[in-house]
Amino acid sequence: MNIRESTASAPGKIILFGEHFVVYGNPAILMAVNMRLNVYIKVIHDGNKIHIQSDSRKKIYDQINIKFKKDKLSFFDPIIHTCRKIFDQEKIQNVGLNIKINSDIPNGIGLGSSGAVSVATNAAILSIFKKPNKTDIFLNASETEKLIHKYSSGADCLISTVGGLVLYKKNQKYRRINYNNKFSFLIIDTGIKHSTKKMVEKVKKFSERENERFIKIKETANQICNDAIKTMKNGDEIGTGLLIRENHKLLEQIGISNVVIEKIIKKTNDAGAFGSKLTGAGGGGSIISLVPIEEKERIKKRIENQGYRVFPVIIDNQGVLIKKIVR
Ligand code: MEV
């Protein structure tokens, strides 16, 4: 086999409106952000071995003899599953891979690092064997993501694949949202890592235990999402900020906020944000805050002085990029 290698990159994300409810068929507004994860893949002549290395870990897998623990996948397991699946699809035998991952998306804080790994890995491996389109990449990546948490709505993989600002509903075609460029956001890291799988399971239990209440909350979340499309199109920062605050209250009601999240949200809102909410799975992770552009630096410093990491972000409009292919 000739030298074959490829590099792909995918952006992180935040969920502006509708996380968790999207798992139950509601719409969500998703935004890709300018933080990226890169995956480099090279076909090697080392039997069926996969050598894999990230910024912090390194491991060698033997594809033929791997045994995955059913309920506890290790960090690289979803990637190895992906390799095996694509090798099966493409009827590839007896080749190995060298995989290197580096990322500027912080891990485990709700910014879509796991979705971006799935998207960039699928894009890089698929592009070695064929010319994949974004639909192929999204569908493959969503399958990988379902290994990590089986109720995954696919939201993280979709936005990491297509980029921009989109309205998304599970199993439906996404819609791009026109937005006004003056919207300015800060992401604040609560410093508490979370497991998306556990938080999704927690909400599932809440929905079963308090079904009627959950249905009502879900209806309100749906309305907030529809209203937000209009306020964002109109460049209405005050209106969008109020909807962000309302959306957060719903997330608090379904039990995924905590004292640290509440404290940071109060501080950013008191400092002059239009609105702030937890973003993604909750239980820790990150907060997204819509701020007046001219106040961005001041609010950022104020929150950093409290000991939190703050990332000013803009929308990434590119989505997944296949950067280099040698076939
Ligand atoms: C996680 O980023 C978003 C959730 O809504 C889960 C999902 O959509 O699969 C919490």
# chains A, B, ... in the order shown; residues from 1 in each chain; ligands from 1
call {"tool": "residues_around", "arguments": {"residues": "region 73-83 of chain A", "least_positions_apart": "5", "cutoff": "10 Å", "atoms": "only C-alpha atoms", "output": "PyMOL selection string"}}
result
chain A and resi 50-54+57-59+61-63+66-68+88-89+96-97+99+114+117-118+121-122+125-126+140-141+143-148
call {"tool": "select_by_dssp", "arguments": {"residues": "region 83-187 of chain A", "states": "strand (DSSP E)", "output": "list of chain:residue names"}}
result
A:Gly96, A:Leu97, A:Asn98, A:Ile99, A:Lys100, A:Ile101, A:Asn102, A:Ser103, A:Leu165, A:Val166, A:Leu167, A:Tyr168, A:Arg175, A:Arg176, A:Ser184, A:Phe185, A:Leu186, A:Ile187
call {"tool": "closest_residue", "arguments": {"among": "A:Gly283, A:Gly272, A:Gly164, A:Gly235", "to": "ligand 1", "atoms": "only C-alpha atoms and all ligand atoms"}}
result
A:Gly283
call {"tool": "closest_atom_pairs", "arguments": {"of": "chain A", "to": "ligand 1", "cutoff": "9 Å", "atoms": "only C-alpha atoms and all ligand atoms", "output": "CSV"}}
result
residue,atom,partner,partner_atom_place_in_ligand_line,distance
A:Lys13,CA,ligand 1,2 (O),8.2
A:Ile14,CA,ligand 1,2 (O),7.5
A:Ile15,CA,ligand 1,2 (O),6.9
A:Gly18,CA,ligand 1,5 (O),7.2
A:Glu19,CA,ligand 1,5 (O),3.8
A:His20,CA,ligand 1,5 (O),3.6
A:Phe21,CA,ligand 1,5 (O),6.6
A:Val22,CA,ligand 1,8 (O),5.7
A:Val23,CA,ligand 1,8 (O),5.2
A:Tyr24,CA,ligand 1,8 (O),9.0
A:Ala28,CA,ligand 1,5 (O),8.4
A:Gly110,CA,ligand 1,2 (O),5.7
A:Leu111,CA,ligand 1,2 (O),7.2
A:Gly112,CA,ligand 1,2 (O),6.1
A:Gly115,CA,ligand 1,2 (O),8.3
A:Glu145,CA,ligand 1,9 (O),8.5
A:Lys146,CA,ligand 1,9 (O),8.5
A:His149,CA,ligand 1,9 (O),7.6
A:Lys150,CA,ligand 1,9 (O),8.5
A:Tyr151,CA,ligand 1,9 (O),6.2
A:Ser152,CA,ligand 1,9 (O),3.3
A:Ser153,CA,ligand 1,9 (O),3.9
A:Gly154,CA,ligand 1,9 (O),5.6
A:Ala155,CA,ligand 1,8 (O),5.1
A:Asp156,CA,ligand 1,2 (O),5.7
A:Lys170,CA,ligand 1,8 (O),8.7
A:Thr196,CA,ligand 1,1 (C),6.1
A:Lys197,CA,ligand 1,6 (C),8.0
A:Met199,CA,ligand 1,10 (C),7.1
A:Val200,CA,ligand 1,10 (C),5.9
A:Val203,CA,ligand 1,10 (C),8.9
A:Thr279,CA,ligand 1,2 (O),7.5
A:Gly280,CA,ligand 1,2 (O),3.9
A:Ala281,CA,ligand 1,10 (C),3.9
A:Gly282,CA,ligand 1,10 (C),7.4
call {"tool": "select_by_dssp", "arguments": {"residues": "region 97-312 of chain A", "states": "alpha helix (DSSP H)", "output": "NGL selection string"}}
result
:A and (113-129 or 134-148 or 155-162 or 196-209 or 211-233 or 237-253 or 259-270 or 296-304)
call {"tool": "closest_residue", "arguments": {"among": "A:Arg175, A:Lys202, A:Lys216, A:Arg36", "to": "Asn102 (chain A)", "atoms": "only C-alpha atoms"}}
result
A:Arg36
call {"tool": "residues_around", "arguments": {"residues": "Tyr179 (chain A)", "least_positions_apart": "4", "cutoff": "12 Å", "atoms": "only C-alpha atoms", "output": "PyMOL selection string"}}
result
chain A and resi 29+31+164-167+183-184+228-237+240+315+317
call {"tool": "write_last_selection", "arguments": {"atoms": "all heavy atoms", "output": "short mmCIF file (atom, residue, chain, number, x, y, z; two decimals), in the first residue's frame"}}
result
data_model
loop_
_atom_site.label_atom_id
_atom_site.label_comp_id
_atom_site.auth_asym_id
_atom_site.auth_seq_id
_atom_site.Cartn_x
_atom_site.Cartn_y
_atom_site.Cartn_z
N ILE A 29 -30.41 25.65 19.54
CA ILE A 29 -29.59 26.57 18.75
C ILE A 29 -28.13 26.32 19.12
O ILE A 29 -27.74 26.41 20.29
CB ILE A 29 -29.98 28.04 18.98
CG1 ILE A 29 -31.43 28.25 18.51
CG2 ILE A 29 -29.02 28.98 18.25
CD1 ILE A 29 -31.94 29.68 18.62
N MET A 31 -23.87 26.68 18.25
CA MET A 31 -22.90 27.61 17.69
C MET A 31 -21.50 27.00 17.73
O MET A 31 -21.04 26.55 18.78
CB MET A 31 -22.95 28.88 18.55
CG MET A 31 -21.98 29.94 18.19
SD MET A 31 -22.38 31.41 19.23
CE MET A 31 -20.79 31.71 19.91
N GLY A 164 -20.79 27.35 12.10
CA GLY A 164 -21.76 28.45 12.08
C GLY A 164 -22.74 28.43 13.23
O GLY A 164 -22.45 27.93 14.32
N LEU A 165 -23.91 29.01 12.98
CA LEU A 165 -24.99 29.08 13.99
C LEU A 165 -26.19 28.37 13.36
O LEU A 165 -26.64 28.76 12.28
CB LEU A 165 -25.32 30.55 14.26
CG LEU A 165 -26.37 30.83 15.34
CD1 LEU A 165 -25.80 30.54 16.72
CD2 LEU A 165 -26.83 32.27 15.27
N VAL A 166 -26.69 27.31 14.00
CA VAL A 166 -27.76 26.54 13.35
C VAL A 166 -28.86 26.16 14.33
O VAL A 166 -28.65 26.07 15.54
CB VAL A 166 -27.23 25.23 12.67
CG1 VAL A 166 -26.09 25.50 11.73
CG2 VAL A 166 -26.86 24.19 13.67
N LEU A 167 -30.03 25.94 13.71
CA LEU A 167 -31.16 25.38 14.45
C LEU A 167 -31.17 23.89 14.15
O LEU A 167 -31.16 23.49 12.98
CB LEU A 167 -32.46 26.03 13.96
CG LEU A 167 -33.71 25.56 14.67
CD1 LEU A 167 -33.76 26.11 16.09
CD2 LEU A 167 -34.96 26.01 13.92
N PHE A 183 -23.16 40.40 18.15
CA PHE A 183 -23.24 39.52 19.32
C PHE A 183 -21.85 39.13 19.80
O PHE A 183 -21.03 38.68 19.02
CB PHE A 183 -24.04 38.25 18.99
CG PHE A 183 -25.52 38.49 18.96
CD1 PHE A 183 -26.19 38.55 17.76
CD2 PHE A 183 -26.21 38.65 20.14
CE1 PHE A 183 -27.56 38.77 17.74
CE2 PHE A 183 -27.58 38.87 20.13
CZ PHE A 183 -28.25 38.94 18.93
N SER A 184 -21.63 39.30 21.09
CA SER A 184 -20.30 39.06 21.62
C SER A 184 -20.42 38.15 22.85
O SER A 184 -21.21 38.41 23.75
CB SER A 184 -19.74 40.43 22.00
OG SER A 184 -18.49 40.30 22.52
N ALA A 228 -35.89 32.99 20.28
CA ALA A 228 -34.47 33.38 20.15
C ALA A 228 -34.06 33.51 18.68
O ALA A 228 -33.22 34.34 18.34
CB ALA A 228 -33.58 32.37 20.86
N ILE A 229 -34.66 32.69 17.82
CA ILE A 229 -34.32 32.81 16.38
C ILE A 229 -34.62 34.23 15.92
O ILE A 229 -33.83 34.87 15.21
CB ILE A 229 -35.12 31.79 15.53
CG1 ILE A 229 -34.79 30.37 15.97
CG2 ILE A 229 -34.84 31.97 14.04
CD1 ILE A 229 -35.72 29.32 15.37
N LYS A 230 -35.78 34.75 16.38
CA LYS A 230 -36.19 36.10 15.96
C LYS A 230 -35.28 37.16 16.58
O LYS A 230 -34.80 38.05 15.89
CB LYS A 230 -37.65 36.38 16.37
CG LYS A 230 -38.62 35.49 15.63
CD LYS A 230 -40.06 35.78 16.04
CE LYS A 230 -40.90 34.53 15.83
NZ LYS A 230 -41.71 34.15 16.97
N THR A 231 -35.03 37.06 17.90
CA THR A 231 -34.21 38.11 18.53
C THR A 231 -32.79 38.11 17.95
O THR A 231 -32.19 39.17 17.77
CB THR A 231 -34.13 37.94 20.08
OG1 THR A 231 -33.57 36.67 20.38
CG2 THR A 231 -35.49 38.09 20.74
N MET A 232 -32.29 36.92 17.61
CA MET A 232 -30.92 36.88 17.06
C MET A 232 -30.88 37.45 15.65
O MET A 232 -29.96 38.17 15.29
CB MET A 232 -30.38 35.45 17.11
CG MET A 232 -30.17 34.99 18.54
SD MET A 232 -29.14 33.56 18.71
CE MET A 232 -27.51 34.25 18.52
N LYS A 233 -31.91 37.12 14.86
CA LYS A 233 -31.98 37.67 13.51
C LYS A 233 -32.04 39.19 13.55
O LYS A 233 -31.44 39.88 12.73
CB LYS A 233 -33.25 37.16 12.81
CG LYS A 233 -32.99 36.04 11.85
CD LYS A 233 -34.24 35.74 11.07
CE LYS A 233 -34.11 34.37 10.43
NZ LYS A 233 -35.39 33.75 10.16
N ASN A 234 -32.80 39.71 14.54
CA ASN A 234 -32.98 41.16 14.64
C ASN A 234 -31.82 41.88 15.32
O ASN A 234 -31.88 43.09 15.51
CB ASN A 234 -34.26 41.49 15.43
CG ASN A 234 -35.49 40.98 14.69
OD1 ASN A 234 -35.45 40.75 13.49
ND2 ASN A 234 -36.59 40.78 15.42
N GLY A 235 -30.84 41.13 15.76
CA GLY A 235 -29.70 41.75 16.46
C GLY A 235 -30.12 42.32 17.81
O GLY A 235 -29.50 43.25 18.32
N ASP A 236 -31.17 41.74 18.40
CA ASP A 236 -31.70 42.25 19.67
C ASP A 236 -30.94 41.58 20.83
O ASP A 236 -31.27 40.47 21.26
CB ASP A 236 -33.20 41.91 19.71
CG ASP A 236 -33.83 42.26 21.05
OD1 ASP A 236 -33.13 42.77 21.93
OD2 ASP A 236 -35.05 41.98 21.19
N GLU A 237 -29.93 42.28 21.32
CA GLU A 237 -29.09 41.68 22.38
C GLU A 237 -29.84 41.60 23.71
O GLU A 237 -29.71 40.61 24.44
CB GLU A 237 -27.83 42.54 22.59
CG GLU A 237 -26.88 42.49 21.41
CD GLU A 237 -25.90 43.63 21.46
OE1 GLU A 237 -26.32 44.80 21.37
OE2 GLU A 237 -24.69 43.36 21.59
N THR A 240 -32.35 38.74 23.48
CA THR A 240 -31.65 37.44 23.47
C THR A 240 -31.10 37.13 24.87
O THR A 240 -31.20 36.00 25.35
CB THR A 240 -30.50 37.45 22.43
OG1 THR A 240 -31.03 37.86 21.18
CG2 THR A 240 -29.87 36.08 22.27
N ILE A 315 -17.84 33.07 16.37
CA ILE A 315 -18.43 31.92 15.67
C ILE A 315 -17.44 31.39 14.62
O ILE A 315 -16.84 32.17 13.89
CB ILE A 315 -19.77 32.32 15.01
CG1 ILE A 315 -20.74 32.80 16.09
CG2 ILE A 315 -20.36 31.18 14.19
CD1 ILE A 315 -22.14 33.12 15.60
N ASN A 317 -17.20 29.58 11.22
CA ASN A 317 -18.13 29.30 10.12
C ASN A 317 -17.69 28.16 9.22
O ASN A 317 -18.38 27.83 8.26
CB ASN A 317 -18.35 30.58 9.29
CG ASN A 317 -19.34 31.49 9.99
OD1 ASN A 317 -20.42 31.06 10.38
ND2 ASN A 317 -18.95 32.74 10.20
#
call {"tool": "residues_around", "arguments": {"residues": "Ser127 (chain A)", "least_positions_apart": "2", "cutoff": "9 Å", "atoms": "only C-alpha atoms", "output": "list in words"}}
result
Glu5, Ser6, Thr7, Ala8, Asn122, Ala123, Ala124, Ile125, Phe129, Lys130, Lys131, Pro132, Ile322, Ile325 and Arg327 of chain A
call {"tool": "closest_residue", "arguments": {"among": "A:His248, A:Lys205, A:Lys324, A:Lys267", "to": "Asn305 (chain A)", "atoms": "only C-alpha atoms"}}
result
A:Lys267
call {"tool": "closest_residue", "arguments": {"among": "A:Lys301, A:Lys49, A:Lys263, A:Lys296", "to": "Lys182 (chain A)", "atoms": "only C-alpha atoms"}}
result
A:Lys296
call {"tool": "residues_around", "arguments": {"residues": "Val310 (chain A)", "least_positions_apart": "4", "cutoff": "9 Å", "atoms": "only C-alpha atoms", "output": "VMD selection string"}}
result
chain A and resid 186 to 189 300 to 301 303 to 304
call {"tool": "write_last_selection", "arguments": {"atoms": "N, CA and C atoms", "output": "PDB file, in the first residue's frame"}}
result
ATOM      1  N   LEU A 186     -18.706  35.465  25.991  1.00  0.00           N
ATOM      2  CA  LEU A 186     -17.612  34.967  26.819  1.00  0.00           C
ATOM      3  C   LEU A 186     -17.986  33.561  27.286  1.00  0.00           C
ATOM      4  N   ILE A 187     -16.994  32.673  27.292  1.00  0.00           N
ATOM      5  CA  ILE A 187     -17.207  31.354  27.905  1.00  0.00           C
ATOM      6  C   ILE A 187     -16.439  31.356  29.221  1.00  0.00           C
ATOM      7  N   ILE A 188     -17.087  30.911  30.278  1.00  0.00           N
ATOM      8  CA  ILE A 188     -16.412  30.844  31.579  1.00  0.00           C
ATOM      9  C   ILE A 188     -16.360  29.386  32.026  1.00  0.00           C
ATOM     10  N   ASP A 189     -15.151  28.927  32.352  1.00  0.00           N
ATOM     11  CA  ASP A 189     -14.957  27.551  32.812  1.00  0.00           C
ATOM     12  C   ASP A 189     -15.210  27.509  34.321  1.00  0.00           C
ATOM     13  N   LYS A 300     -14.666  40.312  31.426  1.00  0.00           N
ATOM     14  CA  LYS A 300     -13.696  39.194  31.416  1.00  0.00           C
ATOM     15  C   LYS A 300     -12.743  39.325  32.610  1.00  0.00           C
ATOM     16  N   LYS A 301     -12.175  40.524  32.782  1.00  0.00           N
ATOM     17  CA  LYS A 301     -11.202  40.731  33.883  1.00  0.00           C
ATOM     18  C   LYS A 301     -11.872  40.506  35.230  1.00  0.00           C
ATOM     19  N   ILE A 303     -14.316  38.578  36.043  1.00  0.00           N
ATOM     20  CA  ILE A 303     -14.537  37.150  36.344  1.00  0.00           C
ATOM     21  C   ILE A 303     -13.191  36.440  36.549  1.00  0.00           C
ATOM     22  N   GLU A 304     -12.194  36.810  35.754  1.00  0.00           N
ATOM     23  CA  GLU A 304     -10.864  36.211  35.941  1.00  0.00           C
ATOM     24  C   GLU A 304     -10.327  36.518  37.337  1.00  0.00           C
TER      25      GLU A 304
END
call {"tool": "closest_residue", "arguments": {"among": "A:Glu212, A:Asn226, A:Asp46, A:Leu139", "to": "Ile177 (chain A)", "atoms": "only C-alpha atoms"}}
result
A:Asn226
call {"tool": "decode", "arguments": {"residues": "region 144-157 of chain A", "atoms": "all heavy atoms", "output": "PDB file, in the first residue's frame"}}
result
ATOM      1  N   THR A 144     -20.231   7.202  16.505  1.00  0.00           N
ATOM      2  CA  THR A 144     -19.133   7.138  17.482  1.00  0.00           C
ATOM      3  C   THR A 144     -19.596   7.755  18.795  1.00  0.00           C
ATOM      4  O   THR A 144     -19.368   7.224  19.879  1.00  0.00           O
ATOM      5  CB  THR A 144     -17.896   7.912  16.958  1.00  0.00           C
ATOM      6  OG1 THR A 144     -17.582   7.452  15.663  1.00  0.00           O
ATOM      7  CG2 THR A 144     -16.708   7.743  17.875  1.00  0.00           C
ATOM      8  N   GLU A 145     -20.274   8.898  18.695  1.00  0.00           N
ATOM      9  CA  GLU A 145     -20.715   9.631  19.888  1.00  0.00           C
ATOM     10  C   GLU A 145     -21.725   8.812  20.700  1.00  0.00           C
ATOM     11  O   GLU A 145     -21.745   8.874  21.927  1.00  0.00           O
ATOM     12  CB  GLU A 145     -21.334  10.955  19.403  1.00  0.00           C
ATOM     13  CG  GLU A 145     -21.419  12.052  20.408  1.00  0.00           C
ATOM     14  CD  GLU A 145     -20.098  12.560  20.965  1.00  0.00           C
ATOM     15  OE1 GLU A 145     -19.021  12.121  20.512  1.00  0.00           O
ATOM     16  OE2 GLU A 145     -20.164  13.382  21.894  1.00  0.00           O
ATOM     17  N   LYS A 146     -22.524   8.003  19.999  1.00  0.00           N
ATOM     18  CA  LYS A 146     -23.522   7.173  20.710  1.00  0.00           C
ATOM     19  C   LYS A 146     -22.851   6.115  21.568  1.00  0.00           C
ATOM     20  O   LYS A 146     -23.447   5.583  22.494  1.00  0.00           O
ATOM     21  CB  LYS A 146     -24.474   6.518  19.716  1.00  0.00           C
ATOM     22  CG  LYS A 146     -25.497   7.504  19.185  1.00  0.00           C
ATOM     23  CD  LYS A 146     -26.799   6.848  18.779  1.00  0.00           C
ATOM     24  CE  LYS A 146     -27.830   7.897  18.434  1.00  0.00           C
ATOM     25  NZ  LYS A 146     -28.033   8.094  17.017  1.00  0.00           N
ATOM     26  N   LEU A 147     -21.586   5.780  21.242  1.00  0.00           N
ATOM     27  CA  LEU A 147     -20.853   4.828  22.096  1.00  0.00           C
ATOM     28  C   LEU A 147     -20.543   5.476  23.434  1.00  0.00           C
ATOM     29  O   LEU A 147     -20.460   4.828  24.462  1.00  0.00           O
ATOM     30  CB  LEU A 147     -19.528   4.425  21.441  1.00  0.00           C
ATOM     31  CG  LEU A 147     -19.623   3.732  20.095  1.00  0.00           C
ATOM     32  CD1 LEU A 147     -18.254   3.667  19.457  1.00  0.00           C
ATOM     33  CD2 LEU A 147     -20.182   2.326  20.297  1.00  0.00           C
ATOM     34  N   ILE A 148     -20.354   6.820  23.396  1.00  0.00           N
ATOM     35  CA  ILE A 148     -19.975   7.530  24.617  1.00  0.00           C
ATOM     36  C   ILE A 148     -21.206   7.757  25.484  1.00  0.00           C
ATOM     37  O   ILE A 148     -21.204   7.521  26.665  1.00  0.00           O
ATOM     38  CB  ILE A 148     -19.273   8.862  24.278  1.00  0.00           C
ATOM     39  CG1 ILE A 148     -18.028   8.569  23.436  1.00  0.00           C
ATOM     40  CG2 ILE A 148     -18.903   9.632  25.538  1.00  0.00           C
ATOM     41  CD1 ILE A 148     -17.410   9.763  22.789  1.00  0.00           C
ATOM     42  N   HIS A 149     -22.284   8.275  24.886  1.00  0.00           N
ATOM     43  CA  HIS A 149     -23.550   8.243  25.622  1.00  0.00           C
ATOM     44  C   HIS A 149     -24.679   7.925  24.657  1.00  0.00           C
ATOM     45  O   HIS A 149     -24.857   8.577  23.645  1.00  0.00           O
ATOM     46  CB  HIS A 149     -23.777   9.502  26.483  1.00  0.00           C
ATOM     47  CG  HIS A 149     -24.176  10.735  25.757  1.00  0.00           C
ATOM     48  ND1 HIS A 149     -25.460  11.225  25.779  1.00  0.00           N
ATOM     49  CD2 HIS A 149     -23.485  11.581  25.000  1.00  0.00           C
ATOM     50  CE1 HIS A 149     -25.513  12.328  25.070  1.00  0.00           C
ATOM     51  NE2 HIS A 149     -24.334  12.568  24.598  1.00  0.00           N
ATOM     52  N   LYS A 150     -25.394   6.851  24.997  1.00  0.00           N
ATOM     53  CA  LYS A 150     -26.270   6.229  23.999  1.00  0.00           C
ATOM     54  C   LYS A 150     -27.467   7.085  23.626  1.00  0.00           C
ATOM     55  O   LYS A 150     -28.100   6.849  22.605  1.00  0.00           O
ATOM     56  CB  LYS A 150     -26.692   4.833  24.431  1.00  0.00           C
ATOM     57  CG  LYS A 150     -27.585   4.757  25.636  1.00  0.00           C
ATOM     58  CD  LYS A 150     -28.003   3.320  25.880  1.00  0.00           C
ATOM     59  CE  LYS A 150     -28.761   3.266  27.186  1.00  0.00           C
ATOM     60  NZ  LYS A 150     -29.007   2.019  27.739  1.00  0.00           N
ATOM     61  N   TYR A 151     -27.812   8.114  24.451  1.00  0.00           N
ATOM     62  CA  TYR A 151     -28.968   8.946  24.095  1.00  0.00           C
ATOM     63  C   TYR A 151     -28.554  10.194  23.320  1.00  0.00           C
ATOM     64  O   TYR A 151     -29.354  11.097  23.135  1.00  0.00           O
ATOM     65  CB  TYR A 151     -29.731   9.357  25.359  1.00  0.00           C
ATOM     66  CG  TYR A 151     -30.192   8.180  26.174  1.00  0.00           C
ATOM     67  CD1 TYR A 151     -29.663   7.908  27.423  1.00  0.00           C
ATOM     68  CD2 TYR A 151     -31.163   7.310  25.659  1.00  0.00           C
ATOM     69  CE1 TYR A 151     -30.070   6.809  28.159  1.00  0.00           C
ATOM     70  CE2 TYR A 151     -31.576   6.206  26.388  1.00  0.00           C
ATOM     71  CZ  TYR A 151     -31.026   5.959  27.637  1.00  0.00           C
ATOM     72  OH  TYR A 151     -31.432   4.875  28.341  1.00  0.00           O
ATOM     73  N   SER A 152     -27.305  10.262  22.893  1.00  0.00           N
ATOM     74  CA  SER A 152     -26.788  11.459  22.205  1.00  0.00           C
ATOM     75  C   SER A 152     -27.756  11.955  21.128  1.00  0.00           C
ATOM     76  O   SER A 152     -28.242  11.184  20.297  1.00  0.00           O
ATOM     77  CB  SER A 152     -25.449  11.124  21.558  1.00  0.00           C
ATOM     78  OG  SER A 152     -25.085  12.155  20.681  1.00  0.00           O
ATOM     79  N   SER A 153     -28.028  13.259  21.143  1.00  0.00           N
ATOM     80  CA  SER A 153     -28.935  13.824  20.131  1.00  0.00           C
ATOM     81  C   SER A 153     -28.216  14.024  18.804  1.00  0.00           C
ATOM     82  O   SER A 153     -28.855  14.299  17.791  1.00  0.00           O
ATOM     83  CB  SER A 153     -29.444  15.187  20.604  1.00  0.00           C
ATOM     84  OG  SER A 153     -28.369  16.112  20.618  1.00  0.00           O
ATOM     85  N   GLY A 154     -26.895  13.958  18.818  1.00  0.00           N
ATOM     86  CA  GLY A 154     -26.120  14.234  17.598  1.00  0.00           C
ATOM     87  C   GLY A 154     -25.788  15.715  17.457  1.00  0.00           C
ATOM     88  O   GLY A 154     -25.091  16.122  16.529  1.00  0.00           O
ATOM     89  N   ALA A 155     -26.280  16.553  18.405  1.00  0.00           N
ATOM     90  CA  ALA A 155     -26.107  18.008  18.283  1.00  0.00           C
ATOM     91  C   ALA A 155     -24.626  18.395  18.207  1.00  0.00           C
ATOM     92  O   ALA A 155     -24.232  19.192  17.344  1.00  0.00           O
ATOM     93  CB  ALA A 155     -26.764  18.712  19.473  1.00  0.00           C
ATOM     94  N   ASP A 156     -23.797  17.824  19.085  1.00  0.00           N
ATOM     95  CA  ASP A 156     -22.388  18.223  19.139  1.00  0.00           C
ATOM     96  C   ASP A 156     -21.665  17.883  17.823  1.00  0.00           C
ATOM     97  O   ASP A 156     -20.887  18.677  17.305  1.00  0.00           O
ATOM     98  CB  ASP A 156     -21.668  17.531  20.309  1.00  0.00           C
ATOM     99  CG  ASP A 156     -22.161  18.049  21.663  1.00  0.00           C
ATOM    100  OD1 ASP A 156     -23.204  18.720  21.704  1.00  0.00           O
ATOM    101  OD2 ASP A 156     -21.499  17.769  22.680  1.00  0.00           O
ATOM    102  N   CYS A 157     -21.968  16.690  17.293  1.00  0.00           N
ATOM    103  CA  CYS A 157     -21.296  16.273  16.048  1.00  0.00           C
ATOM    104  C   CYS A 157     -21.785  17.107  14.866  1.00  0.00           C
ATOM    105  O   CYS A 157     -21.015  17.442  13.966  1.00  0.00           O
ATOM    106  CB  CYS A 157     -21.553  14.795  15.766  1.00  0.00           C
ATOM    107  SG  CYS A 157     -20.762  13.730  16.955  1.00  0.00           S
TER     108      CYS A 157
END
